[in-house]
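Read the structure below first, then the notes.
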Amino acid sequence: MEFKAFLIKYAEIGIKGKNRYMFEDALIRQMKFALRDVGDFAVHKQLGRVFAEAKSDFDFEEAVEALKRVFGITGICPVIIEEDKEFDHLAEVCCQFMDEQYPDKNKTFKVYGRRADKRYPMNSMEFSAEMGSRILDKFPEFKVDVHHPDILLTIEIRDRVYIYSDVIKGPGGMPVGTNGKAMLCLSGGIDSPVAGYMIAKRGVRIDATYFHAPPYTSERAKQKVVDLAKKVAKYAGPIHLHVVNFTDIQLAIYEKCPHDELTIIMRRYMMKIAEHFAKEGGSLALITGESIGQVASQTIHNLAITNEVCTIPVFRPCIGMDKQEIVDIAEQIDTYETSIQPFEDCCTIFVAKHPVTKGNLKVIKHSEEALNDIIDDLMKKAIDTVEVIRIDA
């Protein structure tokens, strides 16, 4: 039997009450986007279910991988669809299904019949019991276990009959675009792509800002960030990546400010610039990959000083995670190998040998006064010369 359709399960969307249709429609849009290069699919909803039916040839594994990148999906079920609802016909189809899908019959099973079409002459329990009996008659090697079966054969009787037994885990979350927009501060490291992925998983559409410092950072470092943005875009949809030339600002900070405060001051100006582009593009928050105590700039004291320059919320989804937890997610979303390529970003190039770990806001602001005569012009130049790259998956 060849699967030509998928039944899609969701979780959180189902508790959205009267607004559920908006989340379902957003999920359908994202599914169509994800499947656009796989084949021609008709994606539609029906009474708490979403279906994707192939109208052309397609690669099954590619379709599953595409759907596994759609936030909002908790389960992907390859289904057989039958127009004929007559019980004897369905029993024949289900026996063939069990035979082909499970050559090893030394398994337990349960039939779960769900009668959404109330005109069907058998109720759900009667249907399930009789179908289970037909399968046992055909394959006595199978055993019934109604509590913890190896195989759960699900048969949904709707306008048509949908037969499936496999539920492939989806990413969960909420469909992208249902919870506003935020600006990701994207570096070439491991953490920030993970942070973007985690916020996008909550339905937030994202753009990104990257701070480039030529000639101290190479074009390979920039390409690395573009490659990371492409991997995040597979989940989050199109991203507008703002590439900011940060060299002059960094050099000014290096020349005029105490070296143990370099990273904190540099990050404060990064946040100001990222916030500018966030507001310009309609983003309501910033996203960073910071985790408490991971490096000197990410102590709780220094994070508070960095936050002080922001007038919009800053989301830090990795804040309570240790490095291995972040790496695990990076490997899952295929950003890890790109992140560890040895092309340094501007944060690592200009790092101090002995950075302050418990910064003082008054001291930092006093140090920044040395920049007063030049910083406005440097900020304007960095903003005016930004390069914006549209990133598609």
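Following the order of the structure tokens, chains are lettered A, B, ..., residues in each are numbered from 1, and ligands are numbered from 1.
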Exercise. With a distance cut-off of 10 Å and only C-alpha atoms, select the neighbouring residues of Gly359 of chain A, excluding the residue or stretch itself and same-chain residues fewer than 4 positions from it, and output the selection as number ranges by chain.
Key: A: 260-261, 264, 296-297, 299-306, 355, 363-364
For all heavy atoms, I'd like the residues from the last selection saved as a short mmCIF file (atom, residue, chain, number, x, y, z; two decimals), in the first residue's frame.
```
data_model
loop_
_atom_site.label_atom_id
_atom_site.label_comp_id
_atom_site.auth_asym_id
_atom_site.auth_seq_id
_atom_site.Cartn_x
_atom_site.Cartn_y
_atom_site.Cartn_z
N ASP A 260 38.68 46.00 30.24
CA ASP A 260 37.90 44.98 30.95
C ASP A 260 36.40 45.19 30.79
O ASP A 260 35.61 44.31 31.13
CB ASP A 260 38.29 44.92 32.43
CG ASP A 260 37.99 46.21 33.17
OD1 ASP A 260 37.78 47.25 32.52
OD2 ASP A 260 37.99 46.18 34.42
N GLU A 261 36.00 46.36 30.24
CA GLU A 261 34.57 46.65 30.03
C GLU A 261 34.18 46.56 28.55
O GLU A 261 33.04 46.85 28.19
CB GLU A 261 34.25 48.05 30.56
CG GLU A 261 34.48 48.21 32.06
CD GLU A 261 34.35 49.66 32.51
OE1 GLU A 261 34.11 50.53 31.65
OE2 GLU A 261 34.52 49.92 33.71
N ILE A 264 30.96 44.36 27.56
CA ILE A 264 29.68 44.91 28.04
C ILE A 264 29.29 46.13 27.22
O ILE A 264 28.14 46.25 26.77
CB ILE A 264 29.77 45.30 29.53
CG1 ILE A 264 30.10 44.07 30.37
CG2 ILE A 264 28.46 45.91 30.00
CD1 ILE A 264 30.29 44.39 31.85
N ALA A 296 31.72 35.70 30.67
CA ALA A 296 31.76 36.86 31.57
C ALA A 296 30.65 37.87 31.30
O ALA A 296 30.09 38.46 32.23
CB ALA A 296 33.12 37.54 31.46
N SER A 297 30.31 38.07 30.02
CA SER A 297 29.28 39.06 29.68
C SER A 297 27.89 38.58 30.04
O SER A 297 26.93 39.35 29.97
CB SER A 297 29.35 39.40 28.20
OG SER A 297 29.02 38.27 27.41
N THR A 299 26.98 37.07 33.05
CA THR A 299 26.61 37.01 34.46
C THR A 299 25.34 37.83 34.64
O THR A 299 25.01 38.71 33.83
CB THR A 299 27.72 37.60 35.35
OG1 THR A 299 27.87 38.99 35.04
CG2 THR A 299 29.04 36.87 35.12
N ILE A 300 24.63 37.57 35.71
CA ILE A 300 23.37 38.27 35.92
C ILE A 300 23.60 39.78 36.08
O ILE A 300 22.77 40.60 35.66
CB ILE A 300 22.60 37.68 37.12
CG1 ILE A 300 21.14 38.14 37.09
CG2 ILE A 300 23.27 38.01 38.44
CD1 ILE A 300 20.24 37.33 38.01
N HIS A 301 24.75 40.16 36.63
CA HIS A 301 25.07 41.59 36.78
C HIS A 301 25.24 42.24 35.41
O HIS A 301 24.69 43.32 35.13
CB HIS A 301 26.38 41.76 37.58
CG HIS A 301 26.37 41.07 38.90
ND1 HIS A 301 26.60 39.72 39.03
CD2 HIS A 301 26.16 41.55 40.16
CE1 HIS A 301 26.53 39.39 40.31
NE2 HIS A 301 26.27 40.47 41.02
N ASN A 302 25.97 41.57 34.52
CA ASN A 302 26.25 42.16 33.22
C ASN A 302 25.05 42.10 32.28
O ASN A 302 24.86 42.99 31.45
CB ASN A 302 27.46 41.47 32.59
CG ASN A 302 28.75 41.79 33.34
OD1 ASN A 302 28.77 42.70 34.17
ND2 ASN A 302 29.81 41.04 33.06
N LEU A 303 24.23 41.08 32.44
CA LEU A 303 22.99 41.03 31.65
C LEU A 303 22.07 42.19 32.02
O LEU A 303 21.41 42.78 31.16
CB LEU A 303 22.27 39.70 31.86
CG LEU A 303 22.93 38.46 31.25
CD1 LEU A 303 22.18 37.20 31.66
CD2 LEU A 303 22.98 38.56 29.72
N ALA A 304 22.02 42.52 33.29
CA ALA A 304 21.19 43.65 33.73
C ALA A 304 21.69 44.95 33.12
O ALA A 304 20.89 45.80 32.71
CB ALA A 304 21.20 43.74 35.26
N ILE A 305 23.01 45.11 33.04
CA ILE A 305 23.58 46.32 32.45
C ILE A 305 23.28 46.37 30.94
O ILE A 305 22.96 47.43 30.40
CB ILE A 305 25.10 46.37 32.71
CG1 ILE A 305 25.36 46.56 34.21
CG2 ILE A 305 25.75 47.51 31.92
CD1 ILE A 305 26.82 46.42 34.59
N THR A 306 23.39 45.24 30.28
CA THR A 306 23.07 45.18 28.85
C THR A 306 21.61 45.54 28.61
O THR A 306 21.26 46.28 27.69
CB THR A 306 23.37 43.77 28.29
OG1 THR A 306 24.74 43.45 28.55
CG2 THR A 306 23.12 43.72 26.80
N PRO A 355 37.91 40.17 31.38
CA PRO A 355 36.68 40.98 31.39
C PRO A 355 36.05 41.04 32.77
O PRO A 355 36.14 40.11 33.56
CB PRO A 355 35.78 40.22 30.41
CG PRO A 355 36.28 38.81 30.43
CD PRO A 355 37.75 38.92 30.64
N VAL A 363 29.52 52.98 36.53
CA VAL A 363 30.89 52.96 36.01
C VAL A 363 30.87 52.78 34.50
O VAL A 363 31.61 53.47 33.77
CB VAL A 363 31.70 51.83 36.68
CG1 VAL A 363 33.07 51.69 36.03
CG2 VAL A 363 31.86 52.10 38.18
N ILE A 364 30.02 51.89 34.01
CA ILE A 364 29.93 51.64 32.56
C ILE A 364 29.47 52.90 31.84
O ILE A 364 30.04 53.29 30.80
CB ILE A 364 28.97 50.47 32.27
CG1 ILE A 364 29.52 49.15 32.83
CG2 ILE A 364 28.70 50.35 30.77
CD1 ILE A 364 30.79 48.67 32.19
#
```
Quiz prompt | Residues near Leu152 of chain A, cut-off 7 Å, only C-alpha atoms, skip fewer than 3 positions along chain, as a PyMOL selection string | solution = chain A and resi 109-112+149+165
Keeping only N, CA, C and O atoms, write the selected residues to a file as a short mmCIF file (atom, residue, chain, number, x, y, z; two decimals), in the first residue's frame.
```
data_model
loop_
_atom_site.label_atom_id
_atom_site.label_comp_id
_atom_site.auth_asym_id
_atom_site.auth_seq_id
_atom_site.Cartn_x
_atom_site.Cartn_y
_atom_site.Cartn_z
N PHE A 109 -1.90 -5.87 19.17
CA PHE A 109 -2.55 -4.75 18.48
C PHE A 109 -3.88 -4.42 19.13
O PHE A 109 -4.44 -5.19 19.92
N LYS A 110 -4.35 -3.24 18.78
CA LYS A 110 -5.67 -2.79 19.18
C LYS A 110 -6.26 -2.00 18.03
O LYS A 110 -5.54 -1.24 17.36
N VAL A 111 -7.54 -2.16 17.79
CA VAL A 111 -8.24 -1.36 16.79
C VAL A 111 -8.97 -0.23 17.50
O VAL A 111 -9.73 -0.46 18.45
N TYR A 112 -8.70 0.98 17.05
CA TYR A 112 -9.41 2.14 17.60
C TYR A 112 -10.25 2.75 16.48
O TYR A 112 -9.74 3.42 15.58
N PRO A 149 -0.80 -1.84 23.46
CA PRO A 149 -0.53 -2.59 22.23
C PRO A 149 0.74 -2.12 21.53
O PRO A 149 1.12 -0.95 21.63
N SER A 165 -1.63 3.72 11.40
CA SER A 165 -1.15 3.11 12.64
C SER A 165 0.13 3.77 13.15
O SER A 165 0.54 3.51 14.28
#
```
Exercise. Write out as a ChimeraX atom specification the residues lying within 12 Å of His242 of chain A, counting only C-alpha atoms and excluding same-chain residues fewer than 6 positions away.
Key: /A:183-187,206-212,222,225-226,229,273-278,280-281,382-391
Output file for the residues above (N, CA, C and O atoms, as a tab-separated table (two decimals), in the first residue's frame):
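Saved as selection_26.tsv:
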```tsv
chain	number	residue	atom	x	y	z
A	183	MET	N	13.18	40.26	16.83
A	183	MET	CA	14.48	40.41	16.17
A	183	MET	C	15.52	39.57	16.90
A	183	MET	O	15.78	39.77	18.09
A	184	LEU	N	16.12	38.63	16.18
A	184	LEU	CA	17.15	37.75	16.72
A	184	LEU	C	18.53	38.37	16.54
A	184	LEU	O	18.90	38.75	15.43
A	185	CYS	N	19.30	38.47	17.63
A	185	CYS	CA	20.71	38.87	17.54
A	185	CYS	C	21.50	37.61	17.20
A	185	CYS	O	21.77	36.78	18.08
A	186	LEU	N	21.82	37.44	15.92
A	186	LEU	CA	22.38	36.19	15.42
A	186	LEU	C	23.89	36.32	15.26
A	186	LEU	O	24.38	37.16	14.50
A	187	SER	N	24.63	35.50	15.99
A	187	SER	CA	26.08	35.45	15.84
A	187	SER	C	26.43	34.16	15.10
A	187	SER	O	25.55	33.44	14.63
A	206	ILE	N	10.46	35.70	12.92
A	206	ILE	CA	11.71	36.37	13.32
A	206	ILE	C	12.44	36.99	12.13
A	206	ILE	O	12.38	36.50	11.01
A	207	ASP	N	13.11	38.11	12.43
A	207	ASP	CA	14.16	38.67	11.59
A	207	ASP	C	15.45	38.54	12.39
A	207	ASP	O	15.45	38.07	13.54
A	208	ALA	N	16.58	38.96	11.80
A	208	ALA	CA	17.86	38.77	12.50
A	208	ALA	C	18.80	39.93	12.21
A	208	ALA	O	18.74	40.56	11.14
A	209	THR	N	19.69	40.20	13.16
A	209	THR	CA	20.76	41.18	13.00
A	209	THR	C	22.09	40.51	13.31
A	209	THR	O	22.23	39.84	14.35
A	210	TYR	N	23.05	40.71	12.42
A	210	TYR	CA	24.39	40.16	12.60
A	210	TYR	C	25.40	41.31	12.53
A	210	TYR	O	25.32	42.17	11.65
A	211	PHE	N	26.36	41.31	13.47
A	211	PHE	CA	27.36	42.38	13.53
A	211	PHE	C	28.67	41.86	12.94
A	211	PHE	O	29.30	40.95	13.48
A	212	HIS	N	29.05	42.49	11.82
A	212	HIS	CA	30.21	42.09	11.04
A	212	HIS	C	31.33	43.12	11.27
A	212	HIS	O	31.04	44.32	11.39
A	222	LYS	N	30.88	35.77	7.79
A	222	LYS	CA	29.56	36.27	7.37
A	222	LYS	C	28.76	35.16	6.69
A	222	LYS	O	27.56	34.99	6.96
A	225	VAL	N	27.14	32.80	9.08
A	225	VAL	CA	25.91	33.31	9.68
A	225	VAL	C	24.74	33.20	8.69
A	225	VAL	O	23.61	32.85	9.07
A	226	VAL	N	25.00	33.49	7.43
A	226	VAL	CA	23.95	33.32	6.40
A	226	VAL	C	23.50	31.86	6.36
A	226	VAL	O	22.30	31.56	6.29
A	229	ALA	N	21.33	31.16	9.31
A	229	ALA	CA	20.00	31.76	9.12
A	229	ALA	C	19.14	30.89	8.20
A	229	ALA	O	17.93	30.73	8.41
A	273	ILE	N	21.42	49.05	18.37
A	273	ILE	CA	21.28	48.98	16.92
A	273	ILE	C	20.25	47.92	16.54
A	273	ILE	O	19.39	48.15	15.66
A	274	ALA	N	20.30	46.76	17.19
A	274	ALA	CA	19.32	45.71	16.90
A	274	ALA	C	17.91	46.19	17.21
A	274	ALA	O	16.97	45.90	16.46
A	275	GLU	N	17.76	46.95	18.30
A	275	GLU	CA	16.44	47.49	18.64
A	275	GLU	C	15.96	48.47	17.58
A	275	GLU	O	14.77	48.51	17.25
A	276	HIS	N	16.87	49.27	17.03
A	276	HIS	CA	16.49	50.19	15.95
A	276	HIS	C	15.86	49.43	14.79
A	276	HIS	O	14.78	49.79	14.30
A	277	PHE	N	16.53	48.36	14.34
A	277	PHE	CA	16.00	47.60	13.20
A	277	PHE	C	14.75	46.81	13.59
A	277	PHE	O	13.87	46.59	12.76
A	278	ALA	N	14.68	46.41	14.86
A	278	ALA	CA	13.48	45.72	15.33
A	278	ALA	C	12.25	46.63	15.21
A	278	ALA	O	11.23	46.25	14.64
A	280	GLU	N	11.97	49.31	13.40
A	280	GLU	CA	11.77	49.67	12.00
A	280	GLU	C	11.00	48.59	11.26
A	280	GLU	O	10.19	48.88	10.37
A	281	GLY	N	11.25	47.33	11.61
A	281	GLY	CA	10.61	46.22	10.90
A	281	GLY	C	9.38	45.66	11.57
A	281	GLY	O	8.84	44.64	11.14
A	382	ALA	N	26.61	53.09	10.80
A	382	ALA	CA	26.35	51.64	10.85
A	382	ALA	C	24.94	51.32	10.43
A	382	ALA	O	24.69	50.34	9.69
A	383	ILE	N	23.99	52.14	10.84
A	383	ILE	CA	22.58	51.92	10.49
A	383	ILE	C	22.34	52.21	9.01
A	383	ILE	O	21.67	51.44	8.31
A	384	ASP	N	22.92	53.29	8.52
A	384	ASP	CA	22.68	53.69	7.12
A	384	ASP	C	23.32	52.74	6.11
A	384	ASP	O	22.87	52.66	4.97
A	385	THR	N	24.38	52.05	6.51
A	385	THR	CA	25.10	51.18	5.57
A	385	THR	C	24.75	49.70	5.76
A	385	THR	O	25.43	48.82	5.25
A	386	VAL	N	23.68	49.43	6.50
A	386	VAL	CA	23.30	48.03	6.73
A	386	VAL	C	23.01	47.32	5.41
A	386	VAL	O	22.47	47.90	4.47
A	387	GLU	N	23.37	46.07	5.36
A	387	GLU	CA	23.03	45.20	4.22
A	387	GLU	C	21.91	44.25	4.68
A	387	GLU	O	22.06	43.56	5.69
A	388	VAL	N	20.80	44.24	3.97
A	388	VAL	CA	19.67	43.38	4.34
A	388	VAL	C	19.58	42.24	3.33
A	388	VAL	O	19.45	42.47	2.13
A	389	ILE	N	19.66	41.03	3.81
A	389	ILE	CA	19.60	39.84	2.97
A	389	ILE	C	18.35	39.04	3.32
A	389	ILE	O	18.11	38.71	4.48
A	390	ARG	N	17.53	38.76	2.32
A	390	ARG	CA	16.36	37.91	2.56
A	390	ARG	C	16.83	36.45	2.54
A	390	ARG	O	17.40	35.98	1.57
A	391	ILE	N	16.54	35.75	3.63
A	391	ILE	CA	16.96	34.36	3.78
A	391	ILE	C	15.73	33.46	3.66
A	391	ILE	O	14.77	33.58	4.44
```
Quiz prompt | Two-atom distance - atom CA of Ile8 of chain A, atom CA of Met198 of chain A (Å) | solution = 21.3 Å
Give me the residues within 10 Å of Glu83 of chain A as a compact mmCIF listing (two decimals) with N, CA and C atoms, in the first residue's frame, counting only C-alpha atoms and dropping any in the same chain fewer than 3 places off.
```
# COMPACT_ATOMS: atom_id res chain seq x y z
N GLU A 86 -18.20 0.54 3.12
CA GLU A 86 -18.83 -0.76 3.41
C GLU A 86 -17.87 -1.60 4.25
N LEU A 90 -13.77 -2.51 4.00
CA LEU A 90 -12.80 -1.93 4.92
C LEU A 90 -12.02 -3.02 5.65
N ARG A 158 -15.15 9.32 8.47
CA ARG A 158 -15.61 10.68 8.25
C ARG A 158 -16.37 10.72 6.91
N ASP A 159 -16.14 11.78 6.11
CA ASP A 159 -16.70 11.78 4.77
C ASP A 159 -16.11 10.63 3.97
N ARG A 160 -14.86 10.30 4.30
CA ARG A 160 -14.19 9.11 3.80
C ARG A 160 -13.60 8.38 5.01
N VAL A 161 -12.94 7.28 4.77
CA VAL A 161 -12.36 6.51 5.87
C VAL A 161 -10.84 6.65 5.83
N TYR A 162 -10.26 7.01 6.97
CA TYR A 162 -8.83 7.23 7.08
C TYR A 162 -8.23 6.15 7.98
```
Quiz item: Where in segment 70-318 of chain A does DSSP assign strand (DSSP E or B), given as a ChimeraX atom specification?
Solution: /A:75-82,108-115,143-144,151-157,161-164,168-169,174,181-185,202,205-212,239-245,286-287,314-315
Quiz prompt | Polymer residues at most 9 Å from Val204 of chain A, only C-alpha atoms, same-chain spacing of 6 or more positions, as an MDAnalysis selection string | solution = chainID A and resid 174:182 236
